[in-house]
$ cat coords.csv   # CSV, C-alpha atoms
chain,number,residue,atom,x,y,z
A,1,MET,CA,-96.6,79.4,-101.0
A,2,ARG,CA,-92.9,79.3,-101.4
A,3,LEU,CA,-90.0,77.1,-100.3
A,4,LEU,CA,-88.4,78.5,-97.1
A,5,HIS,CA,-85.4,76.4,-96.2
A,6,THR,CA,-83.8,73.0,-96.3
A,7,MET,CA,-82.5,71.5,-93.1
A,8,LEU,CA,-79.2,69.6,-92.9
A,9,ARG,CA,-78.0,68.0,-89.6
A,10,VAL,CA,-74.3,68.7,-89.1
A,11,GLY,CA,-71.7,67.2,-86.9
A,12,ASN,CA,-69.4,70.2,-86.6
A,13,LEU,CA,-71.2,73.5,-86.8
A,14,GLU,CA,-68.0,75.6,-87.1
A,15,ALA,CA,-66.7,73.5,-90.0
A,16,SER,CA,-70.0,73.6,-91.7
A,17,LEU,CA,-70.3,77.4,-91.3
A,18,LYS,CA,-66.8,77.8,-92.7
A,19,PHE,CA,-67.7,75.6,-95.7
A,20,TYR,CA,-71.0,77.3,-96.6
A,21,CYS,CA,-69.9,80.9,-95.7
A,22,GLU,CA,-66.3,81.0,-96.7
A,23,LEU,CA,-66.1,78.4,-99.5
A,24,LEU,CA,-69.5,78.9,-101.1
A,25,GLY,CA,-70.0,82.6,-100.2
A,26,MET,CA,-73.2,82.3,-98.2
A,27,LYS,CA,-73.9,84.7,-95.3
A,28,LEU,CA,-74.8,83.6,-91.7
A,29,LEU,CA,-78.2,85.0,-91.4
A,30,ARG,CA,-79.0,84.0,-87.8
A,31,GLN,CA,-77.9,81.5,-85.2
A,32,LYS,CA,-79.5,80.5,-81.9
A,33,ASP,CA,-78.6,78.0,-79.2
A,34,TYR,CA,-81.4,76.0,-77.6
A,35,PRO,CA,-79.9,74.7,-74.3
A,36,GLY,CA,-83.1,72.9,-73.2
A,37,GLY,CA,-83.0,70.8,-76.3
A,38,GLU,CA,-79.3,70.7,-76.6
A,39,PHE,CA,-79.1,71.9,-80.2
A,40,THR,CA,-78.1,75.0,-82.2
A,41,LEU,CA,-79.8,76.3,-85.4
A,42,ALA,CA,-77.8,78.4,-87.9
A,43,PHE,CA,-79.4,79.7,-91.1
A,44,VAL,CA,-77.2,80.5,-94.1
A,45,GLY,CA,-78.0,81.8,-97.5
A,46,TYR,CA,-77.4,84.2,-100.4
A,47,GLY,CA,-80.0,86.7,-99.3
A,48,ASP,CA,-82.5,87.5,-96.6
A,49,GLU,CA,-85.0,84.8,-95.5
A,50,SER,CA,-87.9,87.1,-96.4
A,51,ASP,CA,-87.3,86.5,-100.2
A,52,HIS,CA,-84.7,83.8,-100.5
A,53,THR,CA,-84.7,80.1,-99.8
A,54,VAL,CA,-81.9,79.3,-97.2
A,55,LEU,CA,-80.2,76.4,-95.5
A,56,GLU,CA,-80.9,75.5,-91.9
A,57,LEU,CA,-77.9,73.9,-90.3
A,58,THR,CA,-78.9,71.9,-87.2
A,59,TYR,CA,-76.2,71.0,-84.8
A,60,ASN,CA,-77.4,68.5,-82.1
A,61,TRP,CA,-74.9,68.9,-79.3
A,62,GLU,CA,-72.6,65.9,-78.7
A,63,VAL,CA,-73.5,64.3,-82.1
A,64,GLU,CA,-70.5,64.3,-84.3
A,65,LYS,CA,-71.5,62.2,-87.3
A,66,TYR,CA,-74.7,61.1,-89.1
A,67,ASP,CA,-75.5,58.2,-91.4
A,68,LEU,CA,-76.5,60.0,-94.6
A,69,GLY,CA,-78.5,57.1,-95.8
A,70,ASN,CA,-79.4,56.7,-99.5
A,71,ALA,CA,-82.5,58.8,-99.9
A,72,TYR,CA,-80.9,62.3,-99.8
A,73,GLY,CA,-79.6,63.6,-103.1
A,74,HIS,CA,-78.1,67.1,-103.0
A,75,ILE,CA,-78.7,70.8,-103.0
A,76,ALA,CA,-77.9,72.8,-106.1
A,77,ILE,CA,-76.3,76.3,-106.6
A,78,GLY,CA,-76.1,78.2,-109.8
A,79,VAL,CA,-72.8,79.8,-110.6
A,80,ASP,CA,-71.5,82.1,-113.3
A,81,ASP,CA,-68.1,80.5,-113.9
A,82,ILE,CA,-68.1,76.8,-112.7
A,83,TYR,CA,-64.5,76.2,-113.6
A,84,CYS,CA,-63.2,79.2,-111.6
A,85,THR,CA,-65.6,78.5,-108.7
A,86,CYS,CA,-64.3,74.9,-108.4
A,87,GLU,CA,-60.7,76.0,-108.6
A,88,GLU,CA,-61.4,78.6,-105.8
A,89,ILE,CA,-63.1,75.9,-103.7
A,90,LYS,CA,-60.1,73.6,-104.1
A,91,ALA,CA,-57.6,76.4,-103.3
A,92,ARG,CA,-59.4,77.0,-100.0
A,93,GLY,CA,-59.3,73.4,-99.0
A,94,GLY,CA,-62.7,72.3,-100.3
A,95,LYS,CA,-63.4,68.9,-101.9
A,96,VAL,CA,-64.5,68.8,-105.5
A,97,VAL,CA,-65.8,65.2,-106.0
A,98,ARG,CA,-66.9,65.7,-109.6
A,99,GLU,CA,-65.0,68.1,-111.8
A,100,PRO,CA,-66.9,70.5,-114.0
A,101,GLY,CA,-68.2,69.2,-117.3
A,102,PRO,CA,-71.4,68.4,-119.1
A,103,MET,CA,-73.9,66.1,-117.3
A,104,LYS,CA,-74.4,62.6,-118.6
A,105,HIS,CA,-76.9,62.6,-121.5
A,106,GLY,CA,-77.2,66.4,-121.5
A,107,SER,CA,-75.4,69.7,-122.1
A,108,THR,CA,-75.8,71.4,-118.7
A,109,VAL,CA,-72.3,71.9,-117.2
A,110,ILE,CA,-72.2,70.7,-113.6
A,111,ALA,CA,-69.8,69.8,-110.8
A,112,PHE,CA,-70.2,68.4,-107.3
A,113,VAL,CA,-68.5,69.5,-104.1
A,114,GLU,CA,-68.8,67.8,-100.7
A,115,ASP,CA,-69.4,69.6,-97.4
A,116,PRO,CA,-67.7,68.5,-94.1
A,117,ASP,CA,-70.5,66.0,-93.3
A,118,GLY,CA,-70.4,64.4,-96.7
A,119,TYR,CA,-73.5,66.2,-98.2
A,120,LYS,CA,-73.2,66.8,-101.9
A,121,VAL,CA,-73.6,70.3,-103.3
A,122,GLU,CA,-74.2,70.5,-107.1
A,123,MET,CA,-72.8,73.5,-108.9
A,124,ILE,CA,-74.6,74.4,-112.1
A,125,GLN,CA,-73.1,76.7,-114.8
A,126,LEU,CA,-75.9,79.2,-115.2
A,127,SER,CA,-75.1,80.0,-118.8
A,128,SER,CA,-75.3,76.4,-119.9
A,129,ARG,CA,-78.6,76.0,-118.1
A,130,ALA,CA,-80.0,79.0,-120.0
A,131,VAL,CA,-78.9,77.5,-123.3
A,132,THR,CA,-80.6,74.2,-122.4
A,133,ALA,CA,-83.8,76.1,-121.4
A,134,ASN,CA,-83.8,78.1,-124.7
A,135,GLN,CA,-83.2,74.9,-126.7
A,136,THR,CA,-86.1,73.2,-125.0
A,137,GLN,CA,-88.3,76.3,-125.5
A,138,GLU,CA,-87.3,76.4,-129.2
A,139,SER,CA,-88.0,72.7,-129.6
A,140,GLN,CA,-91.5,73.1,-128.0
A,141,THR,CA,-92.3,76.1,-130.2
A,142,GLU,CA,-91.2,74.1,-133.3
A,143,LEU,CA,-93.3,71.1,-132.4
A,144,ALA,CA,-96.3,73.4,-131.8
A,145,THR,CA,-96.1,74.9,-135.2
A,146,GLN,CA,-95.9,71.6,-137.1
$ encode --input "coords.csv" --output "structure tokens"
Amino acid sequence: MRLLHTMLRVGNLEASLKFYCELLGMKLLRQKDYPGGEFTLAFVGYGDESDHTVLELTYNWEVEKYDLGNAYGHIAIGVDDIYCTCEEIKARGGKVVREPGPMKHGSTVIAFVEDPDGYKVEMIQLSSRAVTANQTQESQTELATQ
């Protein structure tokens, strides 16, 4: 088994495609209108669906806004240079809602951006995540040898 996609309902498909494709660098993999159901599905991601998890953007025709509720958290994307990535997102009109920096009670460097519908996207500095994973592995090895 593997995770295939996460579905997000969007109020403006074009704005969402611009955000995920132009600001976050994803590719539009496929898009199809379903006139009988009055909705459109668009799949975006960083690689082919055959070997990558992707986002399914669901646009229900004539629905412009959703109540996001309080159960949904965020999606996360690993980046090589979180500071540069956030500056590029801001320069292109994107909204950074939490500037890059270490997470609370940890050392992983994170930031949050917001898509046109208000969904949060966490950016994670990949190098800081690798350091944290190595530190955890070293600590576990040290504990096992004591």
$ closest_atom_pairs --input "coords.csv" --of "segment 77-124 of chain A" --to "segment 11-22 of chain A" --cutoff "12 Å" --atoms "all atoms listed in the file" --output "tab-separated table"
residue	atom	partner	partner_atom	distance
A:Ile77	CA	A:Tyr20	CA	11.4
A:Glu88	CA	A:Glu22	CA	10.6
A:Ile89	CA	A:Glu22	CA	9.2
A:Lys90	CA	A:Phe19	CA	11.5
A:Ala91	CA	A:Glu22	CA	11.8
A:Arg92	CA	A:Glu22	CA	8.6
A:Gly93	CA	A:Phe19	CA	9.3
A:Gly94	CA	A:Phe19	CA	7.6
A:Lys95	CA	A:Phe19	CA	10.1
A:Val113	CA	A:Phe19	CA	10.4
A:Glu114	CA	A:Phe19	CA	9.3
A:Asp115	CA	A:Phe19	CA	6.5
A:Pro116	CA	A:Ser16	CA	6.1
A:Asp117	CA	A:Gly11	CA	6.6
A:Gly118	CA	A:Gly11	CA	10.3
A:Tyr119	CA	A:Ser16	CA	10.5
A:Lys120	CA	A:Tyr20	CA	12.0
A:Val121	CA	A:Tyr20	CA	10.0
$ closest_residue --input "coords.csv" --among "A:Trp61, A:Gly36, A:Glu99, A:Leu29" --to "Glu49 of chain A" --atoms "only C-alpha atoms"
A:Leu29
$ closest_residue --input "coords.csv" --among "A:Asp67, A:Asp80, A:Glu56, A:Asp33" --to "Leu8 of chain A" --atoms "only C-alpha atoms"
A:Glu56
$ closest_residue --input "coords.csv" --among "A:Lys32, A:His105, A:Lys27, A:Arg2" --to "Leu55 of chain A" --atoms "all atoms listed in the file"
A:Lys27
$ closest_residue --input "coords.csv" --among "A:Val79, A:Ala111, A:Leu28, A:Cys84" --to "Ala42 of chain A" --atoms "only C-alpha atoms"
A:Leu28
$ closest_residue --input "coords.csv" --among "A:Tyr34, A:Val10, A:Glu62, A:Leu24" --to "Tyr46 of chain A" --atoms "all atoms listed in the file"
A:Leu24
$ residues_near_point --input "coords.csv" --point "(-75.7, 65.3, -116.1)" --cutoff "12 Å" --atoms "only C-alpha atoms" --output "JSON list (two decimals) with C-alpha atoms, in the coordinates of the input"
[["chain", "number", "residue", "atom", "x", "y", "z"],
["A", 98, "ARG", "CA", -66.90, 65.70, -109.60],
["A", 99, "GLU", "CA", -65.00, 68.10, -111.80],
["A", 100, "PRO", "CA", -66.90, 70.50, -114.00],
["A", 101, "GLY", "CA", -68.20, 69.20, -117.30],
["A", 102, "PRO", "CA", -71.40, 68.40, -119.10],
["A", 103, "MET", "CA", -73.90, 66.10, -117.30],
["A", 104, "LYS", "CA", -74.40, 62.60, -118.60],
["A", 105, "HIS", "CA", -76.90, 62.60, -121.50],
["A", 106, "GLY", "CA", -77.20, 66.40, -121.50],
["A", 107, "SER", "CA", -75.40, 69.70, -122.10],
["A", 108, "THR", "CA", -75.80, 71.40, -118.70],
["A", 109, "VAL", "CA", -72.30, 71.90, -117.20],
["A", 110, "ILE", "CA", -72.20, 70.70, -113.60],
["A", 111, "ALA", "CA", -69.80, 69.80, -110.80],
["A", 112, "PHE", "CA", -70.20, 68.40, -107.30],
["A", 122, "GLU", "CA", -74.20, 70.50, -107.10],
["A", 123, "MET", "CA", -72.80, 73.50, -108.90],
["A", 124, "ILE", "CA", -74.60, 74.40, -112.10],
["A", 125, "GLN", "CA", -73.10, 76.70, -114.80],
["A", 128, "SER", "CA", -75.30, 76.40, -119.90],
["A", 129, "ARG", "CA", -78.60, 76.00, -118.10],
["A", 132, "THR", "CA", -80.60, 74.20, -122.40]]
$ build_atoms --input "coords.csv" --residues "segment 85-102 of chain A" --atoms "N, CA and C atoms" --output "PDB file, in the frame of the given file"
ATOM      1  N   THR A  85     -65.029  78.744-110.044  1.00  0.00           N
ATOM      2  CA  THR A  85     -65.600  78.500-108.700  1.00  0.00           C
ATOM      3  C   THR A  85     -64.999  77.199-108.130  1.00  0.00           C
ATOM      4  N   CYS A  86     -64.892  76.144-108.917  1.00  0.00           N
ATOM      5  CA  CYS A  86     -64.300  74.900-108.400  1.00  0.00           C
ATOM      6  C   CYS A  86     -62.850  75.040-108.066  1.00  0.00           C
ATOM      7  N   GLU A  87     -62.106  75.783-108.871  1.00  0.00           N
ATOM      8  CA  GLU A  87     -60.700  76.000-108.600  1.00  0.00           C
ATOM      9  C   GLU A  87     -60.554  76.788-107.253  1.00  0.00           C
ATOM     10  N   GLU A  88     -61.422  77.791-107.037  1.00  0.00           N
ATOM     11  CA  GLU A  88     -61.400  78.600-105.800  1.00  0.00           C
ATOM     12  C   GLU A  88     -61.711  77.687-104.594  1.00  0.00           C
ATOM     13  N   ILE A  89     -62.707  76.823-104.742  1.00  0.00           N
ATOM     14  CA  ILE A  89     -63.100  75.900-103.700  1.00  0.00           C
ATOM     15  C   ILE A  89     -61.927  74.997-103.299  1.00  0.00           C
ATOM     16  N   LYS A  90     -61.262  74.430-104.310  1.00  0.00           N
ATOM     17  CA  LYS A  90     -60.100  73.600-104.100  1.00  0.00           C
ATOM     18  C   LYS A  90     -58.966  74.323-103.400  1.00  0.00           C
ATOM     19  N   ALA A  91     -58.717  75.548-103.872  1.00  0.00           N
ATOM     20  CA  ALA A  91     -57.600  76.400-103.300  1.00  0.00           C
ATOM     21  C   ALA A  91     -57.857  76.688-101.848  1.00  0.00           C
ATOM     22  N   ARG A  92     -59.111  76.744-101.441  1.00  0.00           N
ATOM     23  CA  ARG A  92     -59.400  77.000-100.000  1.00  0.00           C
ATOM     24  C   ARG A  92     -59.628  75.786 -99.201  1.00  0.00           C
ATOM     25  N   GLY A  93     -59.272  74.636 -99.764  1.00  0.00           N
ATOM     26  CA  GLY A  93     -59.300  73.400 -99.000  1.00  0.00           C
ATOM     27  C   GLY A  93     -60.606  72.601 -99.165  1.00  0.00           C
ATOM     28  N   GLY A  94     -61.491  73.025-100.054  1.00  0.00           N
ATOM     29  CA  GLY A  94     -62.700  72.300-100.300  1.00  0.00           C
ATOM     30  C   GLY A  94     -62.510  71.068-101.151  1.00  0.00           C
ATOM     31  N   LYS A  95     -63.478  70.181-101.148  1.00  0.00           N
ATOM     32  CA  LYS A  95     -63.400  68.900-101.900  1.00  0.00           C
ATOM     33  C   LYS A  95     -64.313  68.878-103.046  1.00  0.00           C
ATOM     34  N   VAL A  96     -63.746  68.918-104.252  1.00  0.00           N
ATOM     35  CA  VAL A  96     -64.500  68.800-105.500  1.00  0.00           C
ATOM     36  C   VAL A  96     -64.550  67.288-105.801  1.00  0.00           C
ATOM     37  N   VAL A  97     -65.738  66.679-105.784  1.00  0.00           N
ATOM     38  CA  VAL A  97     -65.800  65.200-106.000  1.00  0.00           C
ATOM     39  C   VAL A  97     -66.245  64.872-107.409  1.00  0.00           C
ATOM     40  N   ARG A  98     -66.658  65.863-108.184  1.00  0.00           N
ATOM     41  CA  ARG A  98     -66.900  65.700-109.600  1.00  0.00           C
ATOM     42  C   ARG A  98     -66.538  66.953-110.307  1.00  0.00           C
ATOM     43  N   GLU A  99     -65.495  66.884-111.108  1.00  0.00           N
ATOM     44  CA  GLU A  99     -65.000  68.100-111.800  1.00  0.00           C
ATOM     45  C   GLU A  99     -66.021  68.619-112.757  1.00  0.00           C
ATOM     46  N   PRO A 100     -65.935  69.909-113.079  1.00  0.00           N
ATOM     47  CA  PRO A 100     -66.900  70.500-114.000  1.00  0.00           C
ATOM     48  C   PRO A 100     -66.890  69.861-115.376  1.00  0.00           C
ATOM     49  N   GLY A 101     -68.062  69.723-115.936  1.00  0.00           N
ATOM     50  CA  GLY A 101     -68.200  69.200-117.300  1.00  0.00           C
ATOM     51  C   GLY A 101     -69.696  68.924-117.546  1.00  0.00           C
ATOM     52  N   PRO A 102     -70.019  68.598-118.799  1.00  0.00           N
ATOM     53  CA  PRO A 102     -71.400  68.400-119.100  1.00  0.00           C
ATOM     54  C   PRO A 102     -71.987  67.165-118.371  1.00  0.00           C
TER      55      PRO A 102
END
